[in-house]
file entry_12.txt (compact mmCIF, C-alpha atoms)
# COMPACT_ATOMS: atom_id res chain seq x y z
CA MET A 1 0.00 0.00 0.00
CA THR A 2 1.44 3.37 -1.02
CA ALA A 3 1.71 6.26 1.40
CA SER A 4 -1.12 8.08 -0.35
CA SER A 5 -3.44 5.05 -0.30
CA ALA A 6 -2.59 4.43 3.37
CA ALA A 7 -3.50 8.05 4.10
CA SER A 8 -6.81 7.67 2.29
CA VAL A 9 -7.61 4.56 4.33
CA PHE A 10 -6.94 6.47 7.55
CA THR A 11 -9.07 9.39 6.38
CA ALA A 12 -11.98 7.13 5.48
CA LEU A 13 -11.83 4.74 8.43
CA ALA A 14 -10.64 6.95 11.31
CA PRO A 15 -14.24 8.05 12.09
CA TYR A 16 -15.02 4.35 12.62
CA GLY A 17 -12.09 3.75 14.99
CA TRP A 18 -9.22 2.80 12.67
CA ASP A 19 -5.83 3.45 14.29
CA GLU A 20 -2.15 2.48 14.04
CA ALA A 21 -2.69 -0.76 15.98
CA TRP A 22 -5.44 -1.91 13.62
CA SER A 23 -3.27 -0.94 10.66
CA ALA A 24 -0.42 -3.07 12.00
CA ALA A 25 -2.75 -6.03 12.59
CA PHE A 26 -3.95 -5.77 8.98
CA THR A 27 -0.44 -5.93 7.46
CA PRO A 28 -0.55 -9.67 6.53
CA TYR A 29 -3.78 -9.16 4.56
CA GLU A 30 -2.52 -6.04 2.82
CA ALA A 31 0.01 -8.17 0.91
CA GLU A 32 -2.88 -10.28 -0.41
CA GLY A 33 -4.56 -7.22 -1.91
CA LEU A 34 -7.46 -7.29 0.55
CA LEU A 35 -9.21 -4.18 1.82
CA PRO A 36 -9.55 -3.21 5.51
CA GLY A 37 -13.01 -2.31 6.72
CA ARG A 38 -15.37 -2.36 9.66
CA VAL A 39 -18.59 -4.35 9.72
CA VAL A 40 -21.54 -2.00 10.19
CA ARG A 41 -24.34 -4.54 9.78
CA VAL A 42 -24.80 -8.32 9.53
CA ASP A 43 -27.85 -10.21 8.32
CA ARG A 44 -28.43 -13.71 6.88
CA GLY A 45 -24.82 -14.52 6.11
CA GLN A 46 -24.17 -11.16 4.47
CA CYS A 47 -22.65 -8.02 5.92
CA ASP A 48 -22.10 -4.37 5.06
CA VAL A 49 -18.48 -3.27 5.44
CA VAL A 50 -17.36 0.36 5.43
CA THR A 51 -14.06 0.71 3.55
CA ALA A 52 -12.02 3.45 1.90
CA ASP A 53 -13.94 2.53 -1.28
CA GLY A 54 -17.30 3.01 0.37
CA VAL A 55 -19.73 0.55 1.92
CA LEU A 56 -19.37 -2.91 0.37
CA ARG A 57 -21.72 -5.87 0.57
CA ALA A 58 -19.88 -9.13 1.34
CA ASP A 59 -20.57 -12.78 2.12
CA THR A 60 -19.40 -14.07 5.51
CA ALA A 61 -19.55 -17.82 4.77
CA PHE A 62 -15.76 -18.06 4.36
CA VAL A 63 -15.19 -17.21 8.06
CA THR A 64 -16.16 -20.30 10.13
CA PRO A 65 -19.93 -20.06 9.65
CA HIS A 66 -20.90 -22.85 12.07
CA ASP A 67 -19.28 -21.51 15.26
CA PRO A 68 -21.43 -18.70 16.74
CA MET A 69 -18.40 -17.34 18.62
CA ARG A 70 -16.30 -17.01 15.47
CA VAL A 71 -18.75 -15.66 12.95
CA VAL A 72 -18.38 -12.11 11.69
CA CYS A 73 -20.36 -9.65 13.80
CA THR A 74 -21.09 -5.94 13.93
CA GLY A 75 -18.02 -4.04 15.09
CA ASP A 76 -15.45 -6.45 13.63
CA TRP A 77 -12.54 -5.16 11.61
CA VAL A 78 -12.22 -7.41 8.58
CA ALA A 79 -10.18 -8.16 5.47
CA VAL A 80 -12.57 -8.08 2.50
CA GLU A 81 -12.04 -8.85 -1.18
CA PRO A 82 -11.84 -5.74 -3.38
CA GLY A 83 -14.06 -7.37 -6.01
CA GLY A 84 -15.85 -10.55 -6.95
CA ASN A 85 -19.40 -11.81 -7.26
CA PRO A 86 -20.05 -12.71 -4.57
CA ARG A 87 -17.48 -10.72 -2.64
CA TYR A 88 -16.18 -12.46 0.51
CA VAL A 89 -14.88 -11.44 3.93
CA ARG A 90 -11.66 -13.44 4.22
CA ALA A 91 -10.85 -12.89 7.92
CA TYR A 92 -11.53 -10.67 10.88
CA LEU A 93 -8.80 -9.05 12.97
CA PRO A 94 -8.27 -10.23 16.58
CA ARG A 95 -10.98 -8.67 18.73
CA ARG A 96 -10.04 -6.30 21.53
CA THR A 97 -13.35 -6.88 23.31
CA ALA A 98 -16.44 -8.98 22.65
CA PHE A 99 -19.91 -8.78 24.21
CA VAL A 100 -21.17 -12.38 24.51
CA ARG A 101 -24.31 -13.95 25.94
CA SER A 102 -25.50 -17.55 26.02
CA THR A 103 -27.93 -18.60 23.30
CA SER A 104 -31.44 -19.78 24.04
CA SER A 105 -30.68 -23.15 22.46
CA LYS A 106 -30.00 -26.29 24.49
CA ARG A 107 -26.55 -26.63 22.93
CA SER A 108 -24.94 -24.27 25.45
CA GLU A 109 -23.39 -21.96 22.89
CA GLY A 110 -22.21 -18.41 23.24
CA GLN A 111 -23.55 -15.72 20.93
CA ILE A 112 -21.42 -12.69 20.19
CA LEU A 113 -23.49 -9.50 19.96
CA ALA A 114 -20.84 -6.86 19.25
CA ALA A 115 -17.07 -6.65 18.90
CA ASN A 116 -14.37 -4.10 19.69
CA VAL A 117 -16.55 -2.08 22.04
CA ASP A 118 -15.16 0.46 24.51
CA HIS A 119 -18.39 1.34 26.35
CA ALA A 120 -21.41 -0.86 27.02
CA ILE A 121 -24.34 1.51 27.57
CA VAL A 122 -27.15 -0.26 29.44
CA ALA A 123 -30.43 1.58 28.87
CA VAL A 124 -32.99 1.20 31.69
CA SER A 125 -36.43 2.76 31.37
CA LEU A 126 -37.93 4.67 34.29
CA ALA A 127 -41.37 4.18 32.70
CA VAL A 128 -41.57 0.83 34.52
CA GLU A 129 -40.47 -0.44 37.92
CA LEU A 130 -36.71 -0.87 38.23
CA ASP A 131 -35.49 -4.46 37.92
CA LEU A 132 -32.12 -4.23 39.66
CA GLY A 133 -31.42 -7.92 39.11
CA ARG A 134 -31.65 -7.43 35.35
CA VAL A 135 -29.36 -4.42 35.56
CA GLU A 136 -26.80 -6.52 37.44
CA ARG A 137 -27.08 -9.24 34.79
CA PHE A 138 -26.36 -6.79 31.95
CA LEU A 139 -23.45 -5.34 33.90
CA ALA A 140 -21.90 -8.76 34.50
CA LEU A 141 -21.86 -9.39 30.74
CA ALA A 142 -20.56 -5.89 30.08
CA TRP A 143 -17.64 -6.22 32.53
CA GLU A 144 -16.83 -9.67 31.15
CA SER A 145 -16.67 -8.27 27.62
CA GLY A 146 -13.79 -5.98 28.52
CA ALA A 147 -15.80 -2.81 27.91
CA GLN A 148 -16.58 -0.10 30.48
CA PRO A 149 -20.26 -0.30 31.48
CA VAL A 150 -22.47 2.77 31.74
CA VAL A 151 -26.07 2.72 33.01
CA VAL A 152 -28.42 5.22 31.40
CA LEU A 153 -31.76 5.77 33.13
CA THR A 154 -34.04 6.83 30.27
CA LYS A 155 -37.41 8.61 30.21
CA ALA A 156 -36.53 10.59 33.33
CA ASP A 157 -39.25 13.10 32.40
CA LEU A 158 -41.81 10.46 33.47
CA VAL A 159 -40.51 10.82 37.05
CA PRO A 160 -41.08 14.55 37.71
CA ASP A 161 -40.31 14.42 41.43
CA ALA A 162 -36.63 15.24 42.00
CA VAL A 163 -36.44 13.32 45.29
CA THR A 164 -37.82 10.16 43.66
CA ARG A 165 -35.34 10.52 40.81
CA ALA A 166 -32.48 10.81 43.28
CA HIS A 167 -33.59 7.65 45.10
CA LEU A 168 -33.79 5.72 41.83
CA VAL A 169 -30.29 6.82 40.85
CA GLN A 170 -29.01 5.84 44.29
CA ASP A 171 -30.61 2.38 44.02
CA VAL A 172 -28.88 1.76 40.70
CA GLU A 173 -25.55 3.13 41.93
CA THR A 174 -25.69 0.69 44.86
CA SER A 175 -26.22 -2.14 42.37
CA ALA A 176 -23.52 -0.91 40.00
CA PRO A 177 -20.29 -0.18 41.91
CA GLY A 178 -17.70 1.55 39.75
CA VAL A 179 -20.22 2.24 36.99
CA PRO A 180 -21.33 5.74 35.88
CA VAL A 181 -25.11 6.22 36.15
CA VAL A 182 -26.57 8.89 33.86
CA LEU A 183 -30.12 10.22 34.15
CA VAL A 184 -31.45 11.09 30.69
CA SER A 185 -34.60 12.57 29.20
CA SER A 186 -34.62 12.65 25.41
CA VAL A 187 -37.81 14.76 25.59
CA GLU A 188 -36.26 17.47 27.77
CA GLY A 189 -32.67 16.98 26.60
CA ASP A 190 -31.35 16.32 30.11
CA GLY A 191 -28.18 14.24 30.39
CA LEU A 192 -27.63 13.93 26.65
CA ASP A 193 -24.47 16.05 26.76
CA VAL A 194 -22.96 13.69 29.36
CA LEU A 195 -23.90 10.65 27.31
CA ALA A 196 -22.51 12.23 24.11
CA ALA A 197 -19.19 12.86 25.85
CA ILE A 198 -19.00 9.21 26.90
CA ALA A 199 -19.99 7.88 23.47
CA GLY A 200 -17.49 10.19 21.79
CA GLY A 201 -14.60 8.29 23.34
CA GLY A 202 -14.53 5.20 21.11
CA THR A 203 -17.11 2.58 20.21
CA SER A 204 -20.26 2.23 22.32
CA VAL A 205 -22.95 -0.45 22.17
CA LEU A 206 -26.51 0.30 23.30
CA LEU A 207 -28.07 -2.56 25.28
CA GLY A 208 -31.36 -3.08 27.05
CA GLN A 209 -34.84 -4.49 26.85
CA SER A 210 -37.25 -3.53 24.11
CA GLY A 211 -38.93 -0.27 25.08
CA ALA A 212 -35.95 1.00 27.07
CA GLY A 213 -35.54 3.92 24.67
CA LYS A 214 -32.38 2.78 22.87
CA SER A 215 -33.45 3.94 19.41
CA THR A 216 -34.53 7.30 20.81
CA LEU A 217 -31.11 7.67 22.48
CA ALA A 218 -29.41 6.72 19.22
CA ASN A 219 -31.36 9.36 17.32
CA ALA A 220 -30.52 11.97 19.94
CA LEU A 221 -26.80 11.18 19.72
CA LEU A 222 -26.88 11.09 15.92
CA GLY A 223 -28.86 14.31 15.67
CA GLU A 224 -31.35 12.79 13.23
CA ASP A 225 -34.01 10.10 13.07
CA VAL A 226 -31.80 7.36 11.67
CA MET A 227 -33.37 4.65 13.80
CA ALA A 228 -37.12 4.09 13.50
CA VAL A 229 -39.02 4.70 16.73
CA ARG A 230 -42.52 3.48 17.50
CA ALA A 231 -44.75 4.35 20.41
CA THR A 232 -44.36 2.34 23.58
CA ARG A 233 -47.49 0.82 25.08
CA ASP A 234 -48.53 2.87 28.08
CA VAL A 235 -49.80 -0.15 30.05
CA ASP A 236 -46.57 -2.07 30.51
CA GLY A 237 -43.84 0.07 28.99
CA LYS A 238 -42.85 -2.57 26.45
CA GLY A 239 -41.64 -1.47 23.06
CA ARG A 240 -42.22 -3.09 19.68
CA HIS A 241 -38.71 -4.10 18.64
CA THR A 242 -38.00 -1.10 16.46
CA THR A 243 -34.43 -2.28 15.88
CA THR A 244 -34.14 -5.75 14.33
CA THR A 245 -30.43 -5.83 13.50
CA ARG A 246 -27.24 -4.49 15.07
CA ASN A 247 -26.20 -1.32 13.25
CA LEU A 248 -22.90 0.54 13.60
CA LEU A 249 -23.03 4.29 12.99
CA ALA A 250 -20.41 7.04 13.19
CA LEU A 251 -21.49 9.87 15.50
CA PRO A 252 -21.22 13.46 14.25
CA GLY A 253 -19.32 14.54 17.38
CA GLY A 254 -16.87 11.64 17.19
CA GLY A 255 -17.14 8.05 18.33
CA VAL A 256 -19.10 5.11 17.00
CA LEU A 257 -22.44 3.71 18.16
CA ILE A 258 -23.83 0.17 17.79
CA ASP A 259 -27.57 -0.02 18.33
CA THR A 260 -29.00 -3.45 19.15
CA PRO A 261 -32.44 -5.06 19.16
CA GLY A 262 -34.23 -5.28 22.49
CA LEU A 263 -32.90 -8.27 24.41
CA ARG A 264 -35.60 -10.37 26.07
CA GLY A 265 -33.02 -12.73 27.54
CA VAL A 266 -29.45 -12.06 28.61
CA GLY A 267 -28.07 -15.39 29.75
CA LEU A 268 -24.58 -15.39 31.19
CA TRP A 269 -21.76 -16.98 29.22
CA ASP A 270 -18.64 -17.82 31.25
CA ALA A 271 -18.89 -14.50 33.07
CA GLU A 272 -17.51 -15.30 36.51
CA ALA A 273 -15.10 -12.37 36.46
CA GLY A 274 -17.91 -10.05 35.35
CA VAL A 275 -20.16 -11.23 38.17
CA GLY A 276 -17.33 -10.63 40.63
CA GLN A 277 -16.91 -7.09 39.31
CA VAL A 278 -20.62 -6.30 39.68
CA PHE A 279 -20.61 -7.58 43.27
CA ALA A 280 -17.17 -6.26 44.18
CA GLU A 281 -18.25 -5.30 47.71
CA ILE A 282 -19.34 -8.90 48.43
CA GLU A 283 -16.06 -10.32 47.18
CA ASP A 284 -14.16 -7.76 49.29
CA LEU A 285 -16.16 -8.81 52.35
CA ALA A 286 -15.57 -12.51 51.55
CA GLU A 287 -11.83 -11.99 51.93
CA ARG A 288 -12.47 -11.28 55.64
CA CYS A 289 -14.48 -14.48 56.23
CA ARG A 290 -12.97 -16.97 58.68
CA PHE A 291 -13.00 -19.76 56.08
CA HIS A 292 -11.53 -19.23 52.61
CA ASP A 293 -14.26 -21.42 51.04
CA CYS A 294 -17.10 -19.77 52.96
CA ALA A 295 -20.46 -20.15 51.19
CA HIS A 296 -21.97 -17.23 53.15
CA GLU A 297 -24.87 -19.37 54.34
CA ALA A 298 -24.43 -20.25 58.02
CA GLU A 299 -20.70 -20.45 58.60
CA PRO A 300 -19.26 -18.89 61.77
CA GLY A 301 -17.13 -15.83 61.20
CA CYS A 302 -18.77 -15.00 57.87
CA ALA A 303 -18.09 -11.32 57.12
CA VAL A 304 -20.76 -11.26 54.39
CA LEU A 305 -23.55 -12.39 56.71
CA ALA A 306 -22.30 -9.98 59.37
CA ALA A 307 -22.60 -7.13 56.84
CA ILE A 308 -26.20 -8.14 56.16
CA GLU A 309 -26.96 -8.17 59.89
CA THR A 310 -25.62 -4.63 60.29
CA GLY A 311 -27.39 -3.35 57.16
CA GLU A 312 -24.10 -2.64 55.39
CA LEU A 313 -25.04 -5.11 52.64
CA PRO A 314 -28.61 -5.48 51.32
CA GLU A 315 -29.76 -9.11 51.40
CA ARG A 316 -31.11 -8.68 47.87
CA ARG A 317 -27.56 -8.16 46.64
CA LEU A 318 -26.36 -11.43 48.14
CA ASP A 319 -29.35 -13.30 46.69
CA SER A 320 -28.65 -11.85 43.24
CA TYR A 321 -24.94 -12.67 43.55
CA ARG A 322 -25.69 -16.29 44.39
CA LYS A 323 -28.21 -16.57 41.56
CA LEU A 324 -25.84 -15.28 38.90
CA LEU A 325 -22.94 -17.41 40.15
CA ARG A 326 -25.11 -20.55 40.07
CA GLU A 327 -26.35 -19.73 36.57
CA ASN A 328 -22.84 -19.09 35.33
CA GLN A 329 -21.59 -22.30 36.90
CA ARG A 330 -24.34 -24.29 35.17
CA ILE A 331 -23.59 -22.87 31.73
CA VAL A 332 -19.85 -23.47 32.12
CA ALA A 333 -20.42 -26.99 33.46
CA LYS A 334 -22.35 -27.93 30.32
CA THR A 335 -19.14 -27.57 28.31
CA ASP A 336 -16.61 -28.55 31.01
CA ALA A 337 -16.61 -32.21 32.07
CA ARG A 338 -14.15 -31.63 34.91
CA LEU A 339 -16.29 -28.89 36.41
CA ARG A 340 -19.40 -31.07 36.11
CA ALA A 341 -17.64 -33.74 38.15
CA GLU A 342 -16.62 -31.18 40.78
CA ILE A 343 -20.20 -29.89 41.05
CA ARG A 344 -21.56 -33.43 41.51
CA LYS A 345 -18.90 -34.09 44.16
CA ASP A 346 -19.87 -30.86 45.94
CA TRP A 347 -23.57 -31.79 45.82
CA LYS A 348 -22.80 -35.18 47.37
CA ARG A 349 -20.67 -33.55 50.08
CA LYS A 350 -23.40 -31.06 50.96
CA GLY A 351 -26.00 -33.84 50.91
CA ALA A 352 -23.92 -35.92 53.33
CA ILE A 353 -23.47 -32.95 55.65
CA GLY A 354 -27.22 -32.27 55.52
CA ARG A 355 -28.09 -35.89 56.34
CA ALA A 356 -25.57 -35.98 59.19
CA ALA A 357 -27.01 -32.76 60.62
CA MET A 358 -30.55 -34.14 60.40
CA GLU A 359 -29.58 -37.40 62.13
CA ALA A 360 -27.82 -35.48 64.90
CA LYS A 361 -30.88 -33.34 65.40
CA ARG A 362 -33.20 -36.35 65.60
CA GLY A 363 -30.96 -38.23 68.04
CA PRO A 364 -29.59 -41.80 68.05
CA HIS A 365 -32.96 -43.52 68.68
CA TRP A 366 -35.12 -41.77 66.06
CA ARG A 367 -35.31 -44.91 63.86
CA SER A 368 -36.76 -47.09 66.60

call {"tool": "encode", "arguments": {"input": "entry_12.txt", "output": "structure tokens"}}
result
Amino acid sequence: MTASSAASVFTALAPYGWDEAWSAAFTPYEAEGLLPGRVVRVDRGQCDVVTADGVLRADTAFVTPHDPMRVVCTGDWVAVEPGGNPRYVRAYLPRRTAFVRSTSSKRSEGQILAANVDHAIVAVSLAVELDLGRVERFLALAWESGAQPVVVLTKADLVPDAVTRAHLVQDVETSAPGVPVVLVSSVEGDGLDVLAAIAGGGTSVLLGQSGAGKSTLANALLGEDVMAVRATRDVDGKGRHTTTTRNLLALPGGGVLIDTPGLRGVGLWDAEAGVGQVFAEIEDLAERCRFHDCAHEAEPGCAVLAAIETGELPERRLDSYRKLLRENQRIVAKTDARLRAEIRKDWKRKGAIGRAAMEAKRGPHWRS
């Protein structure tokens, strides 16, 4: 690639996040005459790739089509053929981050939703009652992806009382340690400047349930109605899936945004580290427990249970922590034979302890 062509590639792709590191990673493909580009949309085995030559339509079948973790996805940087009918994506560059959830199938597979994301923006509507457990679930996946999570409380104009708003923000902040929480009203324009500043610092993915206001946020950040928006039902606050594919768009003020369809289910996928990050205060307390393998159930000297007794730790947080850890353990065990054996061994040990405790409680003559 000549100096002038390299400069044109940087000019065309810099708004989408192209930098020196991506250029270096692409070097092996440059010798093959392939073009660098970023995937802005994927559907039915085809994808749109933005390149220095414009947006190209390419087939993704060449890149391991049967492994859901290795297929081309929105946000990937790829090496695409300059011509051909059909035109093919030949490879994608190593991902810096990847947002992955478990699929709804019984095959225990991971599904990659977006790649090379710097900020995972979790949209939560204030039009309905806060589901803090769902927020924690999204955050666990976001931390695990390698991106920085951000919680955006949308439709703040529907909560006119300032004191109530403050309490809602505080509830979310308690459930999201280390995560910025931004209160936004697209109707009134509140908080959009803060969100724009965050989104301007790299690639952001918008996540949340249908009806959370993601498309409205995207339009506000883009400054135009690029994403279709339909009315949300007043009864239950549920939207109508206005976004059906993941779309990557360059923001006018800098940065890149990936809008996603509303996610009904967000199953964990090997996200133990992410769960630990969401519940950092529990893991910090656990280090002060008397026993290093404390289950925080009834053990003496348990610092976690002591924190619940004093009110330092809400019991809901511990329940949510346990739930997500169990779910994550189950999904990992389905693909890890050694871990399955350890879980069965642990179940047997706990069962034996439970039976011994019951027999001791009943006394030596209870059978007679």

call {"tool": "atom_distance", "arguments": {"input": "entry_12.txt", "atom1": "atom CA of A:Pro180", "atom2": "atom CA of A:Pro314"}}
result
20.4 Å

call {"tool": "residues_around", "arguments": {"input": "entry_12.txt", "residues": "A:Leu168", "least_positions_apart": "6", "cutoff": "12 Å", "atoms": "only C-alpha atoms", "output": "number ranges by chain"}}
result
A: 124-132, 152-154, 156, 159, 161-162, 174-175, 181-183

call {"tool": "residues_around", "arguments": {"input": "entry_12.txt", "residues": "A:Pro94", "least_positions_apart": "2", "cutoff": "10 Å", "atoms": "all atoms listed in the file", "output": "number ranges by chain"}}
result
A: 22, 25-26, 76-78, 91-92, 96-97, 115-116

call {"tool": "closest_atom_pairs", "arguments": {"input": "entry_12.txt", "of": "stretch 124-231 of chain A", "to": "stretch 7-19 of chain A", "cutoff": "10 Å", "atoms": "all atoms listed in the file", "output": "tab-separated table"}}
result
residue	atom	partner	partner_atom	distance
A:Gly201	CA	A:Gly17	CA	9.8
A:Gly202	CA	A:Gly17	CA	6.7
A:Thr203	CA	A:Gly17	CA	7.3

call {"tool": "residues_around", "arguments": {"input": "entry_12.txt", "residues": "A:Gly54", "least_positions_apart": "2", "cutoff": "12 Å", "atoms": "only C-alpha atoms", "output": "list in words"}}
result
Ser8, Val9, Ala12, Leu13, Leu35, Pro36, Gly37, Arg38, Val39, Val40, Asp48, Val49, Val50, Thr51, Ala52, Leu56, Arg57 and Pro82 of chain A

call {"tool": "atom_distance", "arguments": {"input": "entry_12.txt", "atom1": "atom CA of A:Glu309", "atom2": "atom CA of A:Glu287"}}
result
17.5 Å

call {"tool": "atom_distance", "arguments": {"input": "entry_12.txt", "atom1": "atom CA of A:Leu324", "atom2": "atom CA of A:Leu257"}}
result
28.3 Å

call {"tool": "residues_around", "arguments": {"input": "entry_12.txt", "residues": "A:Gly213", "least_positions_apart": "4", "cutoff": "9 Å", "atoms": "all atoms listed in the file", "output": "PyMOL selection string"}}
result
chain A and resi 123-125+154-155+186+208-209+217-218+229+239

call {"tool": "residues_around", "arguments": {"input": "entry_12.txt", "residues": "A:Thr60", "least_positions_apart": "4", "cutoff": "10 Å", "atoms": "all atoms listed in the file", "output": "short mmCIF file (atom, residue, chain, number, x, y, z; two decimals) with C-alpha atoms, in the frame of the given file"}}
result
data_model
loop_
_atom_site.label_atom_id
_atom_site.label_comp_id
_atom_site.auth_asym_id
_atom_site.auth_seq_id
_atom_site.Cartn_x
_atom_site.Cartn_y
_atom_site.Cartn_z
CA VAL A 42 -24.80 -8.32 9.53
CA ASP A 43 -27.85 -10.21 8.32
CA ARG A 44 -28.43 -13.71 6.88
CA GLY A 45 -24.82 -14.52 6.11
CA GLN A 46 -24.17 -11.16 4.47
CA CYS A 47 -22.65 -8.02 5.92
CA THR A 64 -16.16 -20.30 10.13
CA PRO A 65 -19.93 -20.06 9.65
CA VAL A 71 -18.75 -15.66 12.95
CA VAL A 72 -18.38 -12.11 11.69
CA CYS A 73 -20.36 -9.65 13.80
CA VAL A 80 -12.57 -8.08 2.50
CA ARG A 87 -17.48 -10.72 -2.64
CA TYR A 88 -16.18 -12.46 0.51
CA VAL A 89 -14.88 -11.44 3.93
CA ARG A 90 -11.66 -13.44 4.22
CA ALA A 91 -10.85 -12.89 7.92
#

call {"tool": "closest_residue", "arguments": {"input": "entry_12.txt", "among": "A:Leu318, A:Met69, A:Ile112, A:Leu221", "to": "A:Val275", "atoms": "all atoms listed in the file"}}
result
A:Leu318

call {"tool": "closest_residue", "arguments": {"input": "entry_12.txt", "among": "A:Asn85, A:Gln111, A:Thr310, A:Thr260", "to": "A:Leu206", "atoms": "all atoms listed in the file"}}
result
A:Thr260
